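Q: My structure file work-v2.cif, mmCIF, C-alpha atoms and all ligand atoms, is below:
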```cif
data_data
#
loop_
_atom_site.group_PDB
_atom_site.id
_atom_site.type_symbol
_atom_site.label_atom_id
_atom_site.label_comp_id
_atom_site.auth_asym_id
_atom_site.auth_seq_id
_atom_site.Cartn_x
_atom_site.Cartn_y
_atom_site.Cartn_z
ATOM 1 C CA MET I 1002 -14.022 13.215 -20.096
ATOM 2 C CA ASP I 1003 -10.939 11.505 -21.490
ATOM 3 C CA ALA I 1004 -9.376 8.760 -19.450
ATOM 4 C CA VAL I 1005 -5.950 9.680 -18.134
ATOM 5 C CA HIS I 1006 -3.724 6.985 -19.617
ATOM 6 C CA PRO I 1007 -5.290 5.059 -22.500
ATOM 7 C CA PRO I 1008 -2.774 5.952 -25.233
ATOM 8 C CA LEU I 1009 0.059 4.637 -23.078
ATOM 9 C CA HIS I 1010 -1.543 1.385 -22.039
ATOM 10 C CA LYS I 1011 -4.174 0.726 -24.694
ATOM 11 C CA ASP I 1012 -2.866 -2.692 -25.733
ATOM 12 C CA ILE I 1013 -2.480 -3.811 -22.139
ATOM 13 C CA TYR I 1014 -6.019 -2.698 -21.273
ATOM 14 C CA SER I 1015 -7.387 -4.608 -24.254
ATOM 15 C CA HIS I 1016 -5.396 -7.694 -23.339
ATOM 16 C CA ILE I 1017 -6.747 -7.621 -19.756
ATOM 17 C CA ALA I 1018 -10.311 -7.064 -20.969
ATOM 18 C CA ASP I 1019 -9.959 -10.003 -23.341
ATOM 19 C CA VAL I 1020 -8.670 -12.289 -20.575
ATOM 20 C CA LEU I 1021 -11.453 -11.219 -18.196
ATOM 21 C CA THR I 1022 -14.165 -11.865 -20.774
ATOM 22 C CA ARG I 1023 -13.153 -15.520 -20.840
ATOM 23 C CA ALA I 1024 -12.369 -15.826 -17.102
ATOM 24 C CA GLN I 1025 -14.034 -18.675 -15.215
ATOM 25 C CA HIS I 1026 -12.789 -18.057 -11.678
ATOM 26 C CA VAL I 1027 -10.597 -15.081 -10.763
ATOM 27 C CA LEU I 1028 -8.355 -14.911 -7.715
ATOM 28 C CA VAL I 1029 -8.090 -11.293 -6.511
ATOM 29 C CA LEU I 1030 -4.929 -10.799 -4.456
ATOM 30 C CA THR I 1031 -3.614 -8.125 -2.079
ATOM 31 C CA HIS I 1032 -0.204 -7.861 -0.436
ATOM 32 C CA LYS I 1033 0.155 -9.044 3.152
ATOM 33 C CA LYS I 1034 -0.335 -6.519 5.969
ATOM 34 C CA PRO I 1035 -2.815 -4.737 3.695
ATOM 35 C CA ASP I 1036 -3.047 -0.963 3.399
ATOM 36 C CA GLY I 1037 -5.839 1.124 1.921
ATOM 37 C CA ASP I 1038 -4.443 0.945 -1.594
ATOM 38 C CA THR I 1039 -3.981 -2.811 -1.975
ATOM 39 C CA LEU I 1040 -7.336 -3.581 -0.333
ATOM 40 C CA GLY I 1041 -9.119 -0.673 -1.978
ATOM 41 C CA ALA I 1042 -7.975 -1.801 -5.424
ATOM 42 C CA ALA I 1043 -8.678 -5.489 -4.760
ATOM 43 C CA ALA I 1044 -12.131 -4.761 -3.294
ATOM 44 C CA ALA I 1045 -13.061 -2.458 -6.195
ATOM 45 C CA PHE I 1046 -11.925 -5.056 -8.723
ATOM 46 C CA ALA I 1047 -13.748 -7.841 -6.876
ATOM 47 C CA LYS I 1048 -16.951 -5.798 -6.808
ATOM 48 C CA TYR I 1049 -16.536 -5.094 -10.538
ATOM 49 C CA LEU I 1050 -16.200 -8.818 -11.286
ATOM 50 C CA LYS I 1051 -19.194 -9.547 -9.083
ATOM 51 C CA ASN I 1052 -21.293 -6.960 -10.934
ATOM 52 C CA GLN I 1053 -20.229 -8.600 -14.201
ATOM 53 C CA GLY I 1054 -21.310 -12.000 -12.914
ATOM 54 C CA THR I 1055 -17.734 -13.327 -12.942
ATOM 55 C CA ARG I 1056 -16.833 -15.854 -10.246
ATOM 56 C CA LEU I 1057 -14.106 -14.620 -7.897
ATOM 57 C CA THR I 1058 -12.216 -15.286 -4.686
ATOM 58 C CA LEU I 1059 -10.763 -12.365 -2.746
ATOM 59 C CA PHE I 1060 -7.645 -13.294 -0.760
ATOM 60 C CA CYS I 1061 -5.649 -11.205 1.731
ATOM 61 C CA LEU I 1062 -3.206 -13.014 4.001
ATOM 62 C CA ASP I 1063 -3.565 -10.875 7.111
ATOM 63 C CA GLY I 1064 -7.098 -9.634 6.532
ATOM 64 C CA PRO I 1065 -8.161 -6.002 6.870
ATOM 65 C CA GLY I 1066 -7.724 -4.079 10.108
ATOM 66 C CA SER I 1067 -10.651 -2.254 11.670
ATOM 67 C CA ASP I 1068 -9.594 0.893 9.784
ATOM 68 C CA LEU I 1069 -10.580 -0.748 6.494
ATOM 69 C CA ASP I 1070 -13.681 -2.629 7.595
ATOM 70 C CA PHE I 1071 -15.957 -0.381 5.538
ATOM 71 C CA LEU I 1072 -14.685 -1.664 2.187
ATOM 72 C CA PRO I 1073 -17.031 -3.686 -0.034
ATOM 73 C CA LEU I 1074 -16.963 -7.494 0.177
ATOM 74 C CA ARG I 1075 -15.011 -7.366 3.468
ATOM 75 C CA ASP I 1076 -17.039 -10.335 4.747
ATOM 76 C CA GLN I 1077 -15.926 -12.420 1.804
ATOM 77 C CA ILE I 1078 -12.167 -11.996 2.200
ATOM 78 C CA LEU I 1079 -10.370 -15.309 2.507
ATOM 79 C CA THR I 1080 -7.317 -15.111 4.807
ATOM 80 C CA ASP I 1081 -6.334 -18.775 5.246
ATOM 81 C CA PRO I 1082 -4.050 -20.013 2.417
ATOM 82 C CA ARG I 1083 -4.924 -23.624 3.301
ATOM 83 C CA LYS I 1084 -8.427 -22.921 2.002
ATOM 84 C CA LEU I 1085 -7.085 -21.677 -1.305
ATOM 85 C CA SER I 1086 -7.164 -24.248 -4.136
ATOM 86 C CA ILE I 1087 -4.755 -22.376 -6.333
ATOM 87 C CA GLU I 1088 -5.122 -24.712 -9.337
ATOM 88 C CA LEU I 1089 -8.805 -23.723 -9.671
ATOM 89 C CA PHE I 1090 -8.121 -20.209 -10.901
ATOM 90 C CA ASP I 1091 -7.672 -19.406 -14.574
ATOM 91 C CA VAL I 1092 -6.978 -15.732 -13.825
ATOM 92 C CA ILE I 1093 -5.055 -14.244 -10.893
ATOM 93 C CA ALA I 1094 -5.059 -10.466 -10.435
ATOM 94 C CA GLY I 1095 -2.654 -8.891 -7.934
ATOM 95 C CA PHE I 1096 -2.802 -5.310 -6.693
ATOM 96 C CA ASP I 1097 -0.162 -2.935 -5.313
ATOM 97 C CA PHE I 1098 2.898 -5.140 -4.843
ATOM 98 C CA SER I 1099 6.227 -5.181 -6.658
ATOM 99 C CA THR I 1100 7.079 -8.870 -6.175
ATOM 100 C CA LEU I 1101 5.004 -11.984 -5.515
ATOM 101 C CA SER I 1102 6.725 -12.485 -2.158
ATOM 102 C CA HIS I 1103 4.711 -9.534 -0.823
ATOM 103 C CA THR I 1104 1.575 -11.669 -1.067
ATOM 104 C CA GLY I 1105 2.935 -14.074 1.558
ATOM 105 C CA ILE I 1106 1.732 -17.007 -0.600
ATOM 106 C CA GLU I 1107 4.414 -17.050 -3.294
ATOM 107 C CA ALA I 1108 5.089 -20.791 -2.768
ATOM 108 C CA LEU I 1109 1.421 -21.507 -3.403
ATOM 109 C CA LEU I 1110 1.368 -19.257 -6.477
ATOM 110 C CA ALA I 1111 4.192 -21.317 -8.001
ATOM 111 C CA HIS I 1112 1.593 -24.096 -8.400
ATOM 112 C CA ARG I 1113 -1.010 -22.049 -10.235
ATOM 113 C CA ALA I 1114 -2.759 -23.752 -13.143
ATOM 114 C CA GLN I 1115 -0.854 -24.103 -16.395
ATOM 115 C CA GLY I 1116 -2.247 -21.664 -18.889
ATOM 116 C CA SER I 1117 -3.615 -19.404 -16.147
ATOM 117 C CA THR I 1118 -3.021 -15.667 -16.550
ATOM 118 C CA LEU I 1119 -1.391 -13.579 -13.838
ATOM 119 C CA ILE I 1120 -2.233 -9.862 -14.058
ATOM 120 C CA ASN I 1121 -0.066 -7.363 -12.179
ATOM 121 C CA PHE I 1122 -1.680 -3.994 -11.349
ATOM 122 C CA ASP I 1123 0.785 -1.660 -9.607
ATOM 123 C CA HIS I 1124 2.492 1.741 -9.343
ATOM 124 C CA HIS I 1125 5.793 0.931 -7.554
ATOM 125 C CA PHE I 1126 9.098 1.855 -9.209
ATOM 126 C CA SER I 1127 10.501 -1.410 -7.892
ATOM 127 C CA ASN I 1128 7.860 -3.536 -9.689
ATOM 128 C CA MET I 1129 9.454 -6.725 -11.044
ATOM 129 C CA ARG I 1130 6.962 -7.266 -13.904
ATOM 130 C CA PHE I 1131 6.168 -10.720 -12.525
ATOM 131 C CA GLY I 1132 2.839 -10.969 -14.340
ATOM 132 C CA ASP I 1133 1.841 -12.448 -17.673
ATOM 133 C CA ILE I 1134 0.253 -9.025 -18.122
ATOM 134 C CA ASN I 1135 1.794 -6.053 -16.313
ATOM 135 C CA LEU I 1136 -0.225 -2.879 -15.934
ATOM 136 C CA VAL I 1137 2.349 -0.858 -14.024
ATOM 137 C CA ASP I 1138 2.290 2.931 -14.003
ATOM 138 C CA GLU I 1139 4.935 4.465 -11.752
ATOM 139 C CA THR I 1140 3.505 7.932 -12.248
ATOM 140 C CA ALA I 1141 0.124 6.938 -10.805
ATOM 141 C CA PRO I 1142 -0.605 8.197 -7.280
ATOM 142 C CA SER I 1143 -2.063 4.827 -6.258
ATOM 143 C CA THR I 1144 -2.810 1.377 -7.602
ATOM 144 C CA THR I 1145 -6.489 2.298 -7.380
ATOM 145 C CA ALA I 1146 -5.679 5.101 -9.875
ATOM 146 C CA VAL I 1147 -4.139 2.511 -12.224
ATOM 147 C CA LEU I 1148 -7.269 0.382 -11.906
ATOM 148 C CA HIS I 1149 -9.529 3.412 -12.357
ATOM 149 C CA ALA I 1150 -7.841 4.208 -15.684
ATOM 150 C CA TYR I 1151 -8.501 0.618 -16.780
ATOM 151 C CA PHE I 1152 -12.154 0.865 -15.721
ATOM 152 C CA LYS I 1153 -12.531 4.041 -17.759
ATOM 153 C CA PHE I 1154 -10.952 2.460 -20.806
ATOM 154 C CA VAL I 1155 -13.350 -0.491 -20.785
ATOM 155 C CA GLY I 1156 -16.302 1.758 -19.918
ATOM 156 C CA ALA I 1157 -16.983 -0.050 -16.657
ATOM 157 C CA LYS I 1158 -19.845 1.208 -14.538
ATOM 158 C CA ILE I 1159 -18.310 2.364 -11.262
ATOM 159 C CA ASP I 1160 -20.896 1.906 -8.512
ATOM 160 C CA ALA I 1161 -20.730 3.693 -5.144
ATOM 161 C CA ASP I 1162 -18.979 0.741 -3.450
ATOM 162 C CA MET I 1163 -16.297 0.603 -6.120
ATOM 163 C CA ALA I 1164 -15.898 4.385 -5.962
ATOM 164 C CA THR I 1165 -15.384 4.299 -2.189
ATOM 165 C CA ALA I 1166 -12.828 1.483 -2.496
ATOM 166 C CA LEU I 1167 -10.935 3.263 -5.287
ATOM 167 C CA LEU I 1168 -10.918 6.568 -3.404
ATOM 168 C CA THR I 1169 -9.620 4.804 -0.275
ATOM 169 C CA GLY I 1170 -6.392 3.843 -2.054
ATOM 170 C CA LEU I 1171 -6.029 7.341 -3.430
ATOM 171 C CA VAL I 1172 -6.594 9.011 -0.049
ATOM 172 C CA THR I 1173 -4.277 6.688 1.906
ATOM 173 C CA ASP I 1174 -1.409 6.563 -0.633
ATOM 174 C CA THR I 1175 -1.358 10.361 -1.023
ATOM 175 C CA GLY I 1176 -1.607 10.976 2.735
ATOM 176 C CA SER I 1177 -4.944 12.732 2.176
ATOM 177 C CA PHE I 1178 -3.613 14.542 -0.895
ATOM 178 C CA THR I 1179 -0.537 15.972 0.814
ATOM 179 C CA ASN I 1180 2.491 13.854 -0.130
ATOM 180 C CA ALA I 1181 4.696 13.776 -3.252
ATOM 181 C CA ALA I 1182 2.417 11.260 -4.999
ATOM 182 C CA THR I 1183 -0.348 13.878 -5.086
ATOM 183 C CA ASN I 1184 -0.770 15.103 -8.671
ATOM 184 C CA ILE I 1185 -3.457 16.436 -10.985
ATOM 185 C CA GLU I 1186 -4.523 12.897 -11.718
ATOM 186 C CA ALA I 1187 -5.192 12.305 -8.007
ATOM 187 C CA PHE I 1188 -7.598 15.254 -7.806
ATOM 188 C CA THR I 1189 -9.213 14.488 -11.160
ATOM 189 C CA ILE I 1190 -9.919 10.890 -10.222
ATOM 190 C CA ALA I 1191 -11.086 11.892 -6.750
ATOM 191 C CA SER I 1192 -13.665 14.283 -8.148
ATOM 192 C CA GLU I 1193 -14.931 11.650 -10.565
ATOM 193 C CA LEU I 1194 -15.200 9.098 -7.761
ATOM 194 C CA LEU I 1195 -17.114 11.552 -5.578
ATOM 195 C CA ASN I 1196 -19.493 11.968 -8.512
ATOM 196 C CA SER I 1197 -19.917 8.192 -8.521
ATOM 197 C CA GLY I 1198 -20.925 8.232 -4.841
ATOM 198 C CA ALA I 1199 -17.637 7.603 -2.991
ATOM 199 C CA LYS I 1200 -18.031 8.169 0.752
ATOM 200 C CA ILE I 1201 -15.109 10.485 1.476
ATOM 201 C CA GLN I 1202 -16.095 11.238 5.087
ATOM 202 C CA ARG I 1203 -16.286 7.523 5.901
ATOM 203 C CA ILE I 1204 -12.801 7.015 4.430
ATOM 204 C CA LEU I 1205 -11.235 9.926 6.319
ATOM 205 C CA GLN I 1206 -12.917 8.943 9.565
ATOM 206 C CA SER I 1207 -11.642 5.372 9.377
ATOM 207 C CA THR I 1208 -8.159 5.959 8.038
ATOM 208 C CA PHE I 1209 -7.105 9.291 9.551
ATOM 209 C CA HIS I 1210 -9.408 10.361 12.371
ATOM 210 C CA ASN I 1211 -9.039 7.059 14.162
ATOM 211 C CA LYS I 1212 -5.997 7.324 16.455
ATOM 212 C CA SER I 1213 -6.308 6.061 20.014
ATOM 213 C CA LEU I 1214 -5.077 8.024 23.025
ATOM 214 C CA GLY I 1215 -2.355 5.413 23.601
ATOM 215 C CA ALA I 1216 -1.223 5.731 20.002
ATOM 216 C CA LEU I 1217 -0.865 9.493 20.307
ATOM 217 C CA LYS I 1218 1.141 9.038 23.513
ATOM 218 C CA VAL I 1219 3.543 6.810 21.563
ATOM 219 C CA TRP I 1220 3.741 9.466 18.863
ATOM 220 C CA GLY I 1221 4.505 11.952 21.654
ATOM 221 C CA ILE I 1222 7.447 9.820 22.791
ATOM 222 C CA ALA I 1223 8.745 9.710 19.226
ATOM 223 C CA PHE I 1224 8.392 13.499 18.891
ATOM 224 C CA SER I 1225 10.164 14.139 22.203
ATOM 225 C CA ARG I 1226 13.178 12.103 21.039
ATOM 226 C CA LEU I 1227 13.626 13.955 17.730
ATOM 227 C CA VAL I 1228 17.191 15.075 17.144
ATOM 228 C CA ARG I 1229 18.805 16.744 14.183
ATOM 229 C CA ASP I 1230 21.860 14.986 12.812
ATOM 230 C CA SER I 1231 23.895 17.944 11.618
ATOM 231 C CA ARG I 1232 26.105 15.880 9.283
ATOM 232 C CA SER I 1233 23.287 14.288 7.313
ATOM 233 C CA GLY I 1234 20.605 16.953 7.687
ATOM 234 C CA LEU I 1235 18.272 14.214 8.927
ATOM 235 C CA ALA I 1236 15.827 14.523 11.799
ATOM 236 C CA VAL I 1237 16.011 11.186 13.596
ATOM 237 C CA THR I 1238 13.830 9.594 16.223
ATOM 238 C CA ILE I 1239 13.388 6.117 17.651
ATOM 239 C CA LEU I 1240 10.699 3.954 19.199
ATOM 240 C CA THR I 1241 11.098 0.694 21.089
ATOM 241 C CA ARG I 1242 8.825 -2.154 22.094
ATOM 242 C CA GLU I 1243 8.954 -0.782 25.646
ATOM 243 C CA ASP I 1244 7.462 2.519 24.516
ATOM 244 C CA LEU I 1245 4.527 0.682 22.958
ATOM 245 C CA ALA I 1246 4.028 -1.430 26.081
ATOM 246 C CA LEU I 1247 4.139 1.683 28.264
ATOM 247 C CA CYS I 1248 1.290 3.212 26.246
ATOM 248 C CA GLY I 1249 -0.642 -0.058 26.020
ATOM 249 C CA VAL I 1250 -0.660 -0.255 22.211
ATOM 250 C CA ASP I 1251 0.613 -2.639 19.527
ATOM 251 C CA THR I 1252 3.092 -1.923 16.729
ATOM 252 C CA ALA I 1253 0.396 -0.652 14.355
ATOM 253 C CA ALA I 1254 -0.018 2.378 16.642
ATOM 254 C CA ALA I 1255 3.357 3.667 15.473
ATOM 255 C CA ASP I 1256 2.417 3.477 11.771
ATOM 256 C CA GLY I 1257 2.234 6.859 10.121
ATOM 257 C CA ILE I 1258 4.761 8.659 12.323
ATOM 258 C CA ALA I 1259 7.342 8.962 9.548
ATOM 259 C CA ASN I 1260 4.730 10.311 7.121
ATOM 260 C CA PHE I 1261 3.518 12.792 9.696
ATOM 261 C CA LEU I 1262 7.057 14.046 10.380
ATOM 262 C CA ASN I 1263 7.182 15.253 6.778
ATOM 263 C CA ILE I 1264 5.603 18.433 8.150
ATOM 264 C CA LEU I 1265 9.099 19.339 9.417
ATOM 265 C CA GLY I 1266 10.298 22.222 7.263
ATOM 266 C CA ASP I 1267 13.778 22.805 8.622
ATOM 267 C CA VAL I 1268 15.346 19.389 7.944
ATOM 268 C CA ASP I 1269 16.262 17.619 4.699
ATOM 269 C CA ALA I 1270 14.624 14.313 5.582
ATOM 270 C CA VAL I 1271 13.312 12.292 8.522
ATOM 271 C CA LEU I 1272 14.329 8.884 9.778
ATOM 272 C CA VAL I 1273 12.227 6.869 12.226
ATOM 273 C CA LEU I 1274 13.950 3.825 13.737
ATOM 274 C CA ARG I 1275 11.729 1.176 15.286
ATOM 275 C CA ASP I 1276 12.916 -1.717 17.427
ATOM 276 C CA ASP I 1277 10.119 -4.230 18.040
ATOM 277 C CA ASP I 1278 12.324 -6.721 19.902
ATOM 278 C CA SER I 1279 12.580 -9.097 16.944
ATOM 279 C CA GLY I 1280 16.337 -8.619 16.645
ATOM 280 C CA PHE I 1281 15.726 -6.263 13.732
ATOM 281 C CA ILE I 1282 15.430 -2.503 13.569
ATOM 282 C CA ARG I 1283 13.219 -0.976 10.906
ATOM 283 C CA GLY I 1284 14.091 2.402 9.450
ATOM 284 C CA SER I 1285 11.580 4.621 7.630
ATOM 285 C CA LEU I 1286 12.863 7.559 5.580
ATOM 286 C CA ARG I 1287 10.749 10.431 4.290
ATOM 287 C CA THR I 1288 11.488 13.702 2.577
ATOM 288 C CA THR I 1289 9.676 16.506 0.806
ATOM 289 C CA LYS I 1290 12.921 18.063 -0.431
ATOM 290 C CA GLU I 1291 14.956 17.520 -3.618
ATOM 291 C CA LEU I 1292 16.474 14.351 -2.241
ATOM 292 C CA ASP I 1293 16.247 10.685 -3.149
ATOM 293 C CA VAL I 1294 15.992 8.843 0.181
ATOM 294 C CA SER I 1295 15.809 5.464 -1.572
ATOM 295 C CA VAL I 1296 19.575 5.834 -2.171
ATOM 296 C CA LEU I 1297 20.200 5.931 1.575
ATOM 297 C CA ALA I 1298 17.730 3.076 2.109
ATOM 298 C CA ARG I 1299 19.565 0.959 -0.456
ATOM 299 C CA TYR I 1300 22.865 1.681 1.322
ATOM 300 C CA PHE I 1301 21.343 -0.096 4.334
ATOM 301 C CA GLY I 1302 20.011 -2.935 2.190
ATOM 302 C CA GLY I 1303 16.490 -1.568 1.754
ATOM 303 C CA GLY I 1304 14.656 0.332 -0.973
ATOM 304 C CA GLY I 1305 11.523 2.220 -1.878
ATOM 305 C CA HIS I 1306 10.471 5.445 -3.544
ATOM 306 C CA LYS I 1307 12.472 8.691 -3.877
ATOM 307 C CA LYS I 1308 10.392 10.436 -1.239
ATOM 308 C CA ALA I 1309 9.550 7.429 0.959
ATOM 309 C CA ALA I 1310 11.874 4.500 1.559
ATOM 310 C CA GLY I 1311 12.856 2.020 4.243
ATOM 311 C CA PHE I 1312 15.344 -0.593 5.384
ATOM 312 C CA THR I 1313 15.834 -3.272 8.045
ATOM 313 C CA LEU I 1314 18.975 -3.657 10.146
ATOM 314 C CA GLN I 1315 19.968 -6.565 12.331
ATOM 315 C CA GLY I 1316 20.424 -5.473 15.956
ATOM 316 C CA ILE I 1317 18.694 -3.831 18.883
ATOM 317 C CA LEU I 1318 18.494 -0.214 20.028
ATOM 318 C CA LYS I 1319 20.225 0.392 23.343
ATOM 319 C CA ARG I 1320 20.216 3.527 25.427
ATOM 320 C CA THR I 1321 23.499 4.554 27.040
ATOM 321 C CA ASN I 1322 23.249 7.770 29.037
ATOM 322 C CA ASP I 1323 21.858 10.265 26.570
ATOM 323 C CA THR I 1324 22.534 8.486 23.307
ATOM 324 C CA TRP I 1325 21.085 5.489 21.489
ATOM 325 C CA ARG I 1326 23.210 2.888 19.757
ATOM 326 C CA VAL I 1327 22.473 -0.010 17.460
ATOM 327 C CA VAL I 1328 24.118 -3.074 19.038
HETATM 328 MN MN MN V 1 0.055 1.807 -3.318
#
```
What does this structure look like when you write it as structure tokens?
A:
Amino acid sequence: MDAVHPPLHKDIYSHIADVLTRAQHVLVLTHKKPDGDTLGAAAAFAKYLKNQGTRLTLFCLDGPGSDLDFLPLRDQILTDPRKLSIELFDVIAGFDFSTLSHTGIEALLAHRAQGSTLINFDHHFSNMRFGDINLVDETAPSTTAVLHAYFKFVGAKIDADMATALLTGLVTDTGSFTNAATNIEAFTIASELLNSGAKIQRILQSTFHNKSLGALKVWGIAFSRLVRDSRSGLAVTILTREDLALCGVDTAAADGIANFLNILGDVDAVLVLRDDDSGFIRGSLRTTKELDVSVLARYFGGGGHKKAAGFTLQGILKRTNDTWRVV
């Protein structure tokens, strides 16, 4: 079967392959607070290098949560930047972030070895092309899809571990093949990865069928506060630190609410405001309609994709009688 993108990126693929053939020690990098796509891509790439006999270090600032503990090489992830001798690496490969600041170690990266090659694998519209080589495909459903196209181009053998890691990014970034990023490519790659032995049930169990009772109670609070703003056509809800404390869960329990609220059919978009007591309020915007919510996010100093965007406001959420205000 033909690979999905080679004509578009042929020269870039060849350039990367050439660099990797000569690589002595590769640093494989995720973004901080890792999700299934950044870690899935990094783990698949790390396993590929390992299979090739190439020396590598896998670094992820915050380390994987329990939802991603099934990924290959999870025991070998370095999380302490003080243990990272950045000048040792002749190749640095980053996955699924639009700027180096998302790695949380950008100051360290400024001291990378002269002559080292930084490779940027990503699918964000906002990607800043910070690499010496940039393999960025905004039409790809996930960074693991970008990496998969590269693997196909070079004829890499995708073992079951790599397939599971690649499929993890695809499943999580498409919201289990339901959101706007879901395209033909997503299904095509998924079927190929299943053929290569990807463990789809393990992925779904860990990333979707893993909510705690407390987490669902927090979601319930968010649902009960949903209001429709008639001027904007937005459905809005809020969550505070107190809500999380009441349900005995941490902030991660509220992740995914905005995505889930995309099931609302009778609103133009959804906005989830979260106040975690840091003095900042985080807004998450989602839509499935013909709207570009990144425009609204940018108005508030944020950004993102057309169908999924976010922003951060200074302030706290305060309840006065029946209404909430940002103060
Ligand atoms: Mn991604």
Q: Within 6 Å of ligand MN 1 (chain V), which residues of chain I show up? Give each one with its shortest atom-to-atom distance in Å (one decimal) and the two atoms involved, counting all atoms listed in the file, rows by chain then rising residue number, as JSON lines.
A:
```
{"residue": "I:Asp1038", "atom": "CA", "partner": "V:MN1", "partner_atom": "MN", "distance": 4.9}
{"residue": "I:Asp1097", "atom": "CA", "partner": "V:MN1", "partner_atom": "MN", "distance": 5.1}
{"residue": "I:Ser1143", "atom": "CA", "partner": "V:MN1", "partner_atom": "MN", "distance": 4.7}
{"residue": "I:Thr1144", "atom": "CA", "partner": "V:MN1", "partner_atom": "MN", "distance": 5.2}
{"residue": "I:Asp1174", "atom": "CA", "partner": "V:MN1", "partner_atom": "MN", "distance": 5.7}
```
Q: Output the residue selection produced by the PyMOL selection byres (((chain I and resi 1051-1054) around 12) and not hetatm) on the file above, formatted as a PyMOL selection string.
A: chain I and resi 1021-1027+1029+1044-1050+1055-1059+1073-1074+1077+1157-1160+1162-1163
Q: Go ahead and compute the interatomic distance for atom CA of Leu1235 of chain I and atom CA of Asn1260 of chain I, in Å to one decimal.
A: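 Pair atom CA of Leu1235 of chain I / atom CA of Asn1260 of chain I returns 14.2 Å.
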Q: Please indicate the distance in Å from atom CA of Thr1189 of chain I to atom CA of Ala1146 of chain I, rounded to one decimal place.
A: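 Computing the Euclidean distance for atom CA of Thr1189 of chain I and atom CA of Ala1146 of chain I yields 10.1 Å.
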Q: Convert the output of the PyMOL selection byres (((chain I and resi 1209) around 10) and not hetatm) on the shown file into explicit residues, formatted as a ChimeraX atom specification.
A: /I:1068,1172-1173,1176-1177,1204-1208,1210-1212,1257
Q: If we count all atoms listed in the file, what is near Arg1083 of chain I at a cut-off of 12 Å, once residues fewer than 2 positions away on the same chain are taken out, given as JSON, numbers by chain?
A: {"I": [1060, 1062, 1079, 1080, 1081, 1085, 1086, 1087, 1106, 1109]}
Q: Could you tell me which residues the PyMOL selection byres (((chain I and resi 1149) around 9) and not hetatm) grabs in this file, written as a list in words?
A: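 Selection result, ordered by chain and number: Ala1004, Ala1042, Thr1144, Thr1145, Ala1146, Val1147, Leu1148, Ala1150, Tyr1151, Phe1152, Lys1153, Phe1154, Ile1159, Leu1167 and Ile1190 of chain I.
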Q: Kindly give the distance, in Å, that separates atom CA of Ser1197 of chain I and atom CA of Thr1169 of chain I, rounded to a single decimal.
A: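 Separating atom CA of Ser1197 of chain I from atom CA of Thr1169 of chain I is a distance of 13.6 Å.
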Q: Of the candidates I:Gly1156, I:Gly1234, I:Pro1065, I:Gly1303, which one gets nearest to Asp1269 of chain I if we count all atoms listed in the file?
A: I:Gly1234
Q: Select all residues near (16.3, 13.1, 0.4) (cut-off 9 Å, inclusive, file coordinates), counting all atoms listed in the file, and output them as a PDB file with C-alpha atoms, in the frame of the given file.
A:
```
ATOM      1  CA  LEU I1235      18.272  14.214   8.927  1.00  0.00           C
ATOM      2  CA  ASP I1269      16.262  17.619   4.699  1.00  0.00           C
ATOM      3  CA  ALA I1270      14.624  14.313   5.582  1.00  0.00           C
ATOM      4  CA  VAL I1271      13.312  12.292   8.522  1.00  0.00           C
ATOM      5  CA  LEU I1286      12.863   7.559   5.580  1.00  0.00           C
ATOM      6  CA  ARG I1287      10.749  10.431   4.290  1.00  0.00           C
ATOM      7  CA  THR I1288      11.488  13.702   2.577  1.00  0.00           C
ATOM      8  CA  THR I1289       9.676  16.506   0.806  1.00  0.00           C
ATOM      9  CA  LYS I1290      12.921  18.063  -0.431  1.00  0.00           C
ATOM     10  CA  GLU I1291      14.956  17.520  -3.618  1.00  0.00           C
ATOM     11  CA  LEU I1292      16.474  14.351  -2.241  1.00  0.00           C
ATOM     12  CA  ASP I1293      16.247  10.685  -3.149  1.00  0.00           C
ATOM     13  CA  VAL I1294      15.992   8.843   0.181  1.00  0.00           C
ATOM     14  CA  SER I1295      15.809   5.464  -1.572  1.00  0.00           C
ATOM     15  CA  VAL I1296      19.575   5.834  -2.171  1.00  0.00           C
ATOM     16  CA  LEU I1297      20.200   5.931   1.575  1.00  0.00           C
ATOM     17  CA  LYS I1307      12.472   8.691  -3.877  1.00  0.00           C
ATOM     18  CA  LYS I1308      10.392  10.436  -1.239  1.00  0.00           C
ATOM     19  CA  ALA I1309       9.550   7.429   0.959  1.00  0.00           C
TER      20      ALA I1309
END
```
Q: Would you please work out which residue, of I:Gln1315, I:Thr1140, I:Thr1238, I:Thr1118, is nearest to Val1327 of chain I when using all atoms listed in the file?
A: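 Of I:Gln1315, I:Thr1140, I:Thr1238, I:Thr1118, the one nearest Val1327 of chain I is I:Gln1315, counting all atoms listed in the file.
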Q: For each of I:Thr1104, I:Ser1233, I:Thr1252, I:Asn1135, take the minimum atom-to-atom distance to Leu1272 of chain I, counting all atoms listed in the file, then give the residue where this is smallest.
A: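 Comparing I:Thr1104, I:Ser1233, I:Thr1252, I:Asn1135 against Leu1272 of chain I, the winner is I:Ser1233.
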Q: So that I can check the surroundings of segment 1120-1134 of chain I, please list as number ranges by chain every protein, DNA and RNA residue that reaches within 6 Å of it, counting only C-alpha atoms and ignoring chain neighbours fewer than 2 positions away.
A: I: 1094-1097, 1099-1100, 1118, 1136-1139, 1141, 1144
Q: Could you give me, as a PyMOL selection string, the residues within 12 Å of Asp1256 of chain I, counting all atoms listed in the file and dropping anything in the same chain fewer than 3 positions from it?
A: chain I and resi 1034+1036+1208-1209+1212+1216-1217+1219-1220+1223+1240+1245+1250-1253+1259-1262+1273-1275+1283-1285
Q: Nearest residue to Arg1326 of chain I out of I:Leu1195, I:Ala1254, I:Glu1243, I:Asp1276, using only C-alpha atoms?
A: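 Smallest distance to Arg1326 of chain I is found for I:Asp1276.
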